[in-house]
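> My structure is stored as input34.cif, with mmCIF, C-alpha atoms and all ligand atoms.
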data_run
loop_
_atom_site.label_atom_id
_atom_site.label_comp_id
_atom_site.auth_asym_id
_atom_site.auth_seq_id
_atom_site.Cartn_x
_atom_site.Cartn_y
_atom_site.Cartn_z
CA MET A 193 1.17 -13.59 26.37
CA LYS A 194 -1.09 -10.52 26.48
CA LYS A 195 -4.68 -11.05 25.29
CA SER A 196 -4.18 -8.48 22.54
CA ASP A 197 -1.06 -10.30 21.31
CA LEU A 198 -2.92 -13.62 21.29
CA PHE A 199 -5.75 -12.08 19.32
CA ARG A 200 -3.39 -10.40 16.86
CA GLU A 201 -1.58 -13.68 16.29
CA LEU A 202 -4.85 -15.47 15.69
CA VAL A 203 -6.10 -12.92 13.17
CA GLU A 204 -2.75 -12.58 11.42
CA ASN A 205 -2.33 -16.33 11.06
CA ARG A 206 -5.85 -17.16 9.90
CA ARG A 207 -5.83 -17.72 6.17
CA SER A 208 -8.40 -19.10 3.79
CA ASN A 209 -6.97 -22.52 3.16
CA ARG A 210 -8.25 -24.32 0.08
CA HIS A 211 -6.66 -27.72 0.50
CA PHE A 212 -6.97 -29.69 3.71
CA SER A 213 -4.85 -32.62 4.80
CA PRO A 214 -6.53 -35.97 4.09
CA ASP A 215 -4.77 -37.54 7.10
CA ILE A 216 -5.65 -35.15 9.87
CA GLU A 217 -9.13 -35.27 11.36
CA VAL A 218 -10.73 -32.30 13.07
CA PRO A 219 -12.27 -33.53 16.34
CA GLU A 220 -16.00 -33.00 16.59
CA GLU A 221 -15.46 -31.27 19.95
CA SER A 222 -13.42 -28.56 18.21
CA VAL A 223 -16.20 -27.87 15.71
CA LEU A 224 -18.87 -27.97 18.41
CA SER A 225 -16.87 -25.61 20.59
CA ALA A 226 -16.42 -23.18 17.66
CA LEU A 227 -20.14 -23.35 16.86
CA THR A 228 -20.96 -22.68 20.50
CA LEU A 229 -18.80 -19.56 20.34
CA ALA A 230 -20.36 -18.51 17.02
CA HIS A 231 -23.70 -18.63 18.84
CA LEU A 232 -22.39 -15.84 21.11
CA SER A 233 -21.77 -13.50 18.19
CA PRO A 234 -23.35 -10.08 18.21
CA ASN A 235 -26.57 -10.05 16.21
CA SER A 236 -29.27 -7.56 15.39
CA SER A 237 -31.68 -7.07 18.34
CA ASN A 238 -30.54 -10.44 19.68
CA MET A 239 -33.10 -12.01 17.33
CA GLN A 240 -30.63 -14.79 16.39
CA LEU A 241 -32.26 -15.32 13.02
CA TRP A 242 -29.67 -17.79 11.89
CA GLY A 243 -28.92 -21.49 11.72
CA PHE A 244 -25.62 -23.36 11.50
CA TYR A 245 -25.89 -26.61 9.55
CA TRP A 246 -22.94 -28.80 10.39
CA ILE A 247 -22.20 -31.42 7.75
CA LYS A 248 -19.98 -34.20 9.00
CA SER A 249 -21.19 -37.37 7.29
CA GLU A 250 -18.83 -38.51 4.55
CA ASN A 251 -21.69 -39.20 2.25
CA LEU A 252 -23.13 -35.69 2.51
CA LEU A 253 -19.69 -34.11 2.31
CA GLU A 254 -19.17 -35.94 -0.95
CA GLN A 255 -22.49 -34.79 -2.32
CA MET A 256 -21.69 -31.20 -1.36
CA THR A 257 -18.49 -31.03 -3.44
CA PRO A 258 -20.13 -30.57 -6.86
CA LEU A 259 -22.63 -28.15 -5.31
CA CYS A 260 -19.67 -26.06 -4.15
CA MET A 261 -18.53 -25.94 -7.77
CA GLY A 262 -15.99 -28.69 -7.16
CA GLN A 263 -13.80 -26.35 -5.10
CA SER A 264 -10.90 -28.15 -3.48
CA ALA A 265 -11.73 -26.57 -0.12
CA ALA A 266 -15.07 -28.38 -0.21
CA ARG A 267 -13.64 -31.57 -1.71
CA THR A 268 -10.97 -31.93 0.99
CA ALA A 269 -12.97 -30.57 3.94
CA LYS A 270 -13.44 -32.75 7.00
CA HIS A 271 -16.50 -30.72 7.98
CA LEU A 272 -18.65 -28.11 6.29
CA VAL A 273 -20.79 -25.59 8.09
CA VAL A 274 -23.58 -23.89 6.19
CA PHE A 275 -24.49 -20.56 7.78
CA VAL A 276 -28.04 -19.58 6.98
CA THR A 277 -30.37 -16.71 7.82
CA ARG A 278 -33.88 -17.48 9.08
CA GLN A 279 -36.21 -14.54 8.59
CA GLY A 280 -39.16 -16.89 9.11
CA LEU A 281 -38.33 -17.25 12.79
CA TRP A 282 -38.82 -13.57 13.60
CA LYS A 283 -42.12 -13.97 15.46
CA GLU A 284 -40.85 -16.83 17.59
CA ARG A 285 -37.61 -15.02 18.45
CA ALA A 286 -39.34 -11.71 19.21
CA GLU A 287 -41.61 -13.58 21.60
CA TRP A 288 -38.62 -15.37 23.15
CA ASN A 289 -36.91 -12.03 23.83
CA TYR A 290 -40.17 -10.54 25.11
CA GLU A 291 -40.69 -13.41 27.54
CA ASN A 292 -37.08 -13.16 28.75
CA ILE A 293 -37.59 -9.51 29.62
CA LYS A 294 -40.92 -10.29 31.28
CA LYS A 295 -39.34 -13.02 33.38
CA SER A 296 -36.54 -10.69 34.48
CA ILE A 297 -38.93 -8.08 35.89
CA VAL A 298 -39.00 -7.98 39.66
CA GLY A 299 -41.75 -5.83 41.11
CA GLU A 300 -42.77 -2.81 39.10
CA PRO A 301 -41.39 -2.77 35.53
CA THR A 302 -38.70 -0.14 35.06
CA LYS A 303 -38.62 2.29 32.14
CA LEU A 304 -35.98 0.05 30.52
CA ASN A 305 -38.20 -3.04 31.00
CA LYS A 306 -41.14 -1.26 29.38
CA ARG A 307 -39.03 -0.07 26.50
CA GLY A 308 -37.71 -3.61 25.96
CA LEU A 309 -41.17 -5.13 25.99
CA SER A 310 -42.48 -2.58 23.50
CA TYR A 311 -39.39 -3.08 21.32
CA TYR A 312 -40.10 -6.78 20.84
CA LYS A 313 -43.90 -6.52 20.79
CA LYS A 314 -44.33 -3.47 18.54
CA LEU A 315 -41.13 -2.63 16.69
CA MET A 316 -39.97 -6.11 15.67
CA PRO A 317 -43.14 -6.86 13.66
CA ILE A 318 -42.68 -3.59 11.75
CA ILE A 319 -39.06 -4.41 10.99
CA TYR A 320 -39.31 -8.11 10.17
CA ARG A 321 -42.77 -8.70 8.70
CA HIS A 322 -42.59 -9.62 5.04
CA ASP A 323 -45.23 -10.37 2.45
CA PRO A 324 -44.72 -11.37 -1.18
CA PHE A 325 -46.76 -8.40 -2.49
CA GLY A 326 -44.65 -5.72 -0.83
CA PHE A 327 -47.43 -4.22 1.35
CA ASN A 328 -45.10 -4.19 4.34
CA ASN A 329 -42.43 -2.42 2.31
CA LEU A 330 -44.93 0.29 1.40
CA PHE A 331 -45.97 0.58 5.03
CA ARG A 332 -42.32 0.93 6.13
CA LYS A 333 -41.65 3.44 3.33
CA GLY A 334 -44.54 5.54 4.62
CA ILE A 335 -43.27 5.42 8.18
CA VAL A 336 -39.72 6.29 7.10
CA PHE A 337 -40.94 9.20 4.97
CA TYR A 338 -43.18 10.60 7.68
CA LYS A 339 -40.88 10.06 10.66
CA GLY A 340 -37.70 10.89 8.80
CA PHE A 341 -39.00 14.04 7.14
CA ASN A 342 -37.39 16.50 9.49
CA LYS A 343 -35.46 14.36 11.94
CA SER A 344 -33.13 11.37 11.94
CA PHE A 345 -34.84 8.05 11.43
CA MET A 346 -33.54 4.61 10.52
CA ARG A 347 -33.80 4.23 6.72
CA PHE A 348 -35.14 0.71 6.71
CA GLU A 349 -37.77 -0.08 4.12
CA SER A 350 -37.43 -2.94 1.70
CA HIS A 351 -37.05 -6.69 1.77
CA ALA A 352 -33.49 -6.07 0.55
CA ASP A 353 -32.88 -4.06 3.75
CA GLN A 354 -34.19 -6.99 5.79
CA ARG A 355 -31.97 -9.46 3.97
CA VAL A 356 -28.88 -7.29 4.44
CA MET A 357 -29.63 -7.05 8.15
CA LEU A 358 -29.95 -10.82 8.49
CA HIS A 359 -26.81 -11.60 6.49
CA LYS A 360 -24.74 -9.08 8.48
CA SER A 361 -25.42 -10.92 11.74
CA CYS A 362 -24.97 -14.34 10.17
CA ALA A 363 -21.62 -13.32 8.63
CA LEU A 364 -20.42 -12.23 12.06
CA ALA A 365 -21.27 -15.68 13.40
CA ALA A 366 -19.29 -17.24 10.55
CA GLN A 367 -16.30 -15.04 11.40
CA THR A 368 -16.46 -15.99 15.09
CA PHE A 369 -16.59 -19.62 13.99
CA MET A 370 -13.53 -19.26 11.74
CA LEU A 371 -11.48 -17.54 14.43
CA ALA A 372 -12.52 -20.17 16.96
CA ILE A 373 -11.47 -22.94 14.58
CA ALA A 374 -8.14 -21.14 14.11
CA SER A 375 -7.72 -21.05 17.89
CA GLU A 376 -8.20 -24.84 17.90
CA GLY A 377 -5.24 -25.15 15.50
CA PHE A 378 -7.29 -25.91 12.39
CA ASP A 379 -8.14 -24.00 9.24
CA THR A 380 -11.17 -22.82 7.30
CA CYS A 381 -12.22 -21.51 3.93
CA PRO A 382 -15.36 -19.39 3.67
CA MET A 383 -17.17 -20.00 0.37
CA GLU A 384 -19.84 -18.21 -1.58
CA GLY A 385 -19.14 -20.27 -4.66
CA PHE A 386 -22.01 -22.75 -4.41
CA ASP A 387 -25.36 -23.57 -5.94
CA ALA A 388 -27.68 -22.26 -3.24
CA LYS A 389 -30.78 -23.87 -4.73
CA ARG A 390 -29.29 -27.35 -4.82
CA VAL A 391 -27.63 -27.03 -1.39
CA LYS A 392 -30.98 -26.01 0.08
CA LYS A 393 -32.60 -29.04 -1.47
CA LEU A 394 -29.88 -31.50 -0.44
CA LEU A 395 -29.89 -30.35 3.18
CA ALA A 396 -33.68 -29.94 3.28
CA LEU A 397 -33.24 -26.39 4.59
CA PRO A 398 -36.38 -24.52 5.64
CA LYS A 399 -38.04 -22.52 2.87
CA ASP A 400 -37.13 -19.13 4.34
CA ALA A 401 -33.45 -20.05 4.84
CA GLU A 402 -30.87 -18.11 2.83
CA ILE A 403 -27.28 -19.25 2.80
CA THR A 404 -24.83 -16.55 3.90
CA MET A 405 -21.75 -18.68 3.30
CA ILE A 406 -20.43 -22.20 3.63
CA VAL A 407 -17.31 -22.71 5.71
CA ALA A 408 -15.00 -25.61 4.96
CA VAL A 409 -12.96 -26.94 7.88
CA GLY A 410 -9.82 -29.07 8.02
CA LYS A 411 -6.12 -29.03 8.75
CA GLY A 412 -4.74 -26.71 6.11
CA THR A 413 -1.78 -27.57 3.94
CA GLU A 414 0.80 -25.41 2.17
CA LYS A 415 -0.86 -26.26 -1.12
CA GLY A 416 -4.04 -24.70 0.20
CA ILE A 417 -2.50 -21.24 0.53
CA HIS A 418 -2.71 -19.47 -2.80
CA GLY A 419 0.12 -16.98 -2.42
CA GLU A 420 1.03 -14.16 -0.08
CA ARG A 421 -1.72 -12.43 1.80
CA THR A 422 -2.35 -9.10 0.13
CA ARG A 423 -4.44 -6.11 1.16
CA VAL A 424 -4.76 -2.65 -0.35
CA PRO A 425 -2.94 0.08 1.62
CA LEU A 426 -4.67 1.09 4.85
CA ASP A 427 -5.10 4.67 3.65
CA GLN A 428 -7.53 3.34 1.05
CA VAL A 429 -9.82 1.84 3.66
CA ILE A 430 -9.41 3.82 6.88
CA PHE A 431 -10.78 7.34 6.71
CA THR A 432 -10.91 9.87 9.46
CA ARG A 433 -13.36 12.73 9.60
C1 LIG A 501 -18.10 -14.14 1.91
C2 LIG A 501 -16.84 -14.79 1.39
C3 LIG A 501 -16.92 -15.66 0.34
C4 LIG A 501 -15.79 -16.33 -0.12
N1 LIG A 501 -15.91 -17.27 -1.11
C5 LIG A 501 -14.84 -17.99 -1.46
C6 LIG A 501 -14.99 -19.08 -2.35
O1 LIG A 501 -16.08 -19.41 -2.83
N2 LIG A 501 -13.89 -19.78 -2.69
C7 LIG A 501 -12.65 -19.48 -2.17
O2 LIG A 501 -11.70 -20.17 -2.51
N3 LIG A 501 -12.50 -18.47 -1.31
C8 LIG A 501 -13.55 -17.72 -0.92
N4 LIG A 501 -13.42 -16.71 0.00
C9 LIG A 501 -12.10 -16.48 0.61
C10 LIG A 501 -11.50 -15.17 0.12
O3 LIG A 501 -11.06 -15.32 -1.19
C11 LIG A 501 -10.36 -14.80 1.06
O4 LIG A 501 -10.89 -14.53 2.34
C12 LIG A 501 -9.58 -13.55 0.58
O5 LIG A 501 -8.92 -13.82 -0.61
C13 LIG A 501 -8.56 -13.09 1.61
O6 LIG A 501 -7.66 -14.11 1.94
P1 LIG A 501 -7.46 -14.61 3.45
O7 LIG A 501 -8.80 -15.12 3.94
O8 LIG A 501 -6.46 -15.72 3.36
O9 LIG A 501 -7.00 -13.47 4.26
C14 LIG A 501 -14.53 -16.06 0.46
C15 LIG A 501 -14.46 -15.15 1.52
C16 LIG A 501 -15.60 -14.55 2.00
C17 LIG A 501 -15.51 -13.62 3.18
#
Represent the structure of the file as structure tokens.

Amino acid sequence: MKKSDLFRELVENRRSNRHFSPDIEVPEESVLSALTLAHLSPNSSNMQLWGFYWIKSENLLEQMTPLCMGQSAARTAKHLVVFVTRQGLWKERAEWNYENIKKSIVGEPTKLNKRGLSYYKKLMPIIYRHDPFGFNNLFRKGIVFYKGFNKSFMRFESHADQRVMLHKSCALAAQTFMLAIASEGFDTCPMEGFDAKRVKKLLALPKDAEITMIVAVGKGTEKGIHGERTRVPLDQVIFTR
């Protein structure tokens, strides 16, 4: 089978399944393999400001059900994976990227090397630094106004902009994970119906962590498919210019 046909089949057959079989286990290797692939997802500046919390203990799974509003996907899941953003790791990850570039330099640094080093040393702090009083937002607003006055400049100012950026990358990881689980012959249901505050407390998530979504994993059943898959017509979402 052609790669494109395999991929099409995978995407077309993936459904959000909300009721998993109680009798069929999902091997830990399948989940680990899917998480390993999720880790390869594209992400902003390769900062990898995310964390994947894999819940496999029966006791924790049980405690998670009411926190996921009693949804049957959570209640019947064999595993849950909580995808979180980690803005608080920005310094560490910028340094990690910086050191990787430094290590890769042989002889005189090239223009690209220098640009990379400056990117992680100078630009990342401007983009990711956050303070509760909004001083950094004001600083970014000033830069955007000045630099963007008469030429193109990235409109990136507020903490909301930072959060959107982090959740974009994390959601891509969740999607890679769901497709990988589908390729293992199992099913998933992404969920945003949960009590984020209580989940954070139960899992002792770091203070800066924000949950992008929780993905339930199991062997889907017919009961778990709530009707035909529907999408609005393509001409309402694909626009050419
Ligand atoms: C970010 C996100 C959050 C979702 N939250 C829930 C949820 O809390 N409960 C649920 O049953 N389905 C949830 N879904 C699944 C969607 O309802 C589902 O993807 C959509 O109806 C399309 O169906 P399909 O995935 O089978 O193609 C969520 C999907 C996404 C992407």
> Check the smallest atom-to-atom distance from each of A:Ile319, A:Ala401, A:Val273, A:Ala266 to Gln367 in chain A using all atoms listed in the file, then report the winner.
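The answer is A:Val273, which sits nearest to Gln367 in chain A.
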> Could you list the protein, DNA and RNA residues that have any atom within 12 Å of ligand LIG 501 (chain A), counting all atoms listed in the file, and write them as an MDAnalysis selection string?
chainID A and resid 202:211 257 259:267 274:275 359:360 362:367 370:371 374 379:388 403:408 412 416:424
> Please indicate the distance in Å from CA of Glu376 in chain A to CA of Asn251 in chain A, rounded to one decimal place.
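Separation of CA of Glu376 in chain A and CA of Asn251 in chain A: 25.2 Å.
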> Just give me the gap between CA of Phe244 in chain A and CA of Tyr290 in chain A in Å, one decimal is fine.
23.7 Å
> Given only C-alpha atoms as the basis, pick out the residue of A:Leu232, A:Ala269, A:Ala286, A:Met239 nearest to Leu252 in chain A.
A:Ala269
> What separation in Å, quoted to one decimal, exists between CA of Ile318 in chain A and CA of Trp282 in chain A?
10.9 Å
> Taking only C-alpha atoms into account, name the residue in A:Gly280, A:Gly377, A:Asn238, A:Leu394 that is nearest to Tyr312 in chain A.
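Checking each candidate against Tyr312 in chain A, we get A:Asn238 as the closest.
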> Every residue with an atom at most 9 Å from (-42.2, -5.2, 25.5) (file coordinates; only C-alpha atoms) is what I'm after, so could you write them as a PyMOL selection string?
chain A and resi 289-291+293-294+305-314
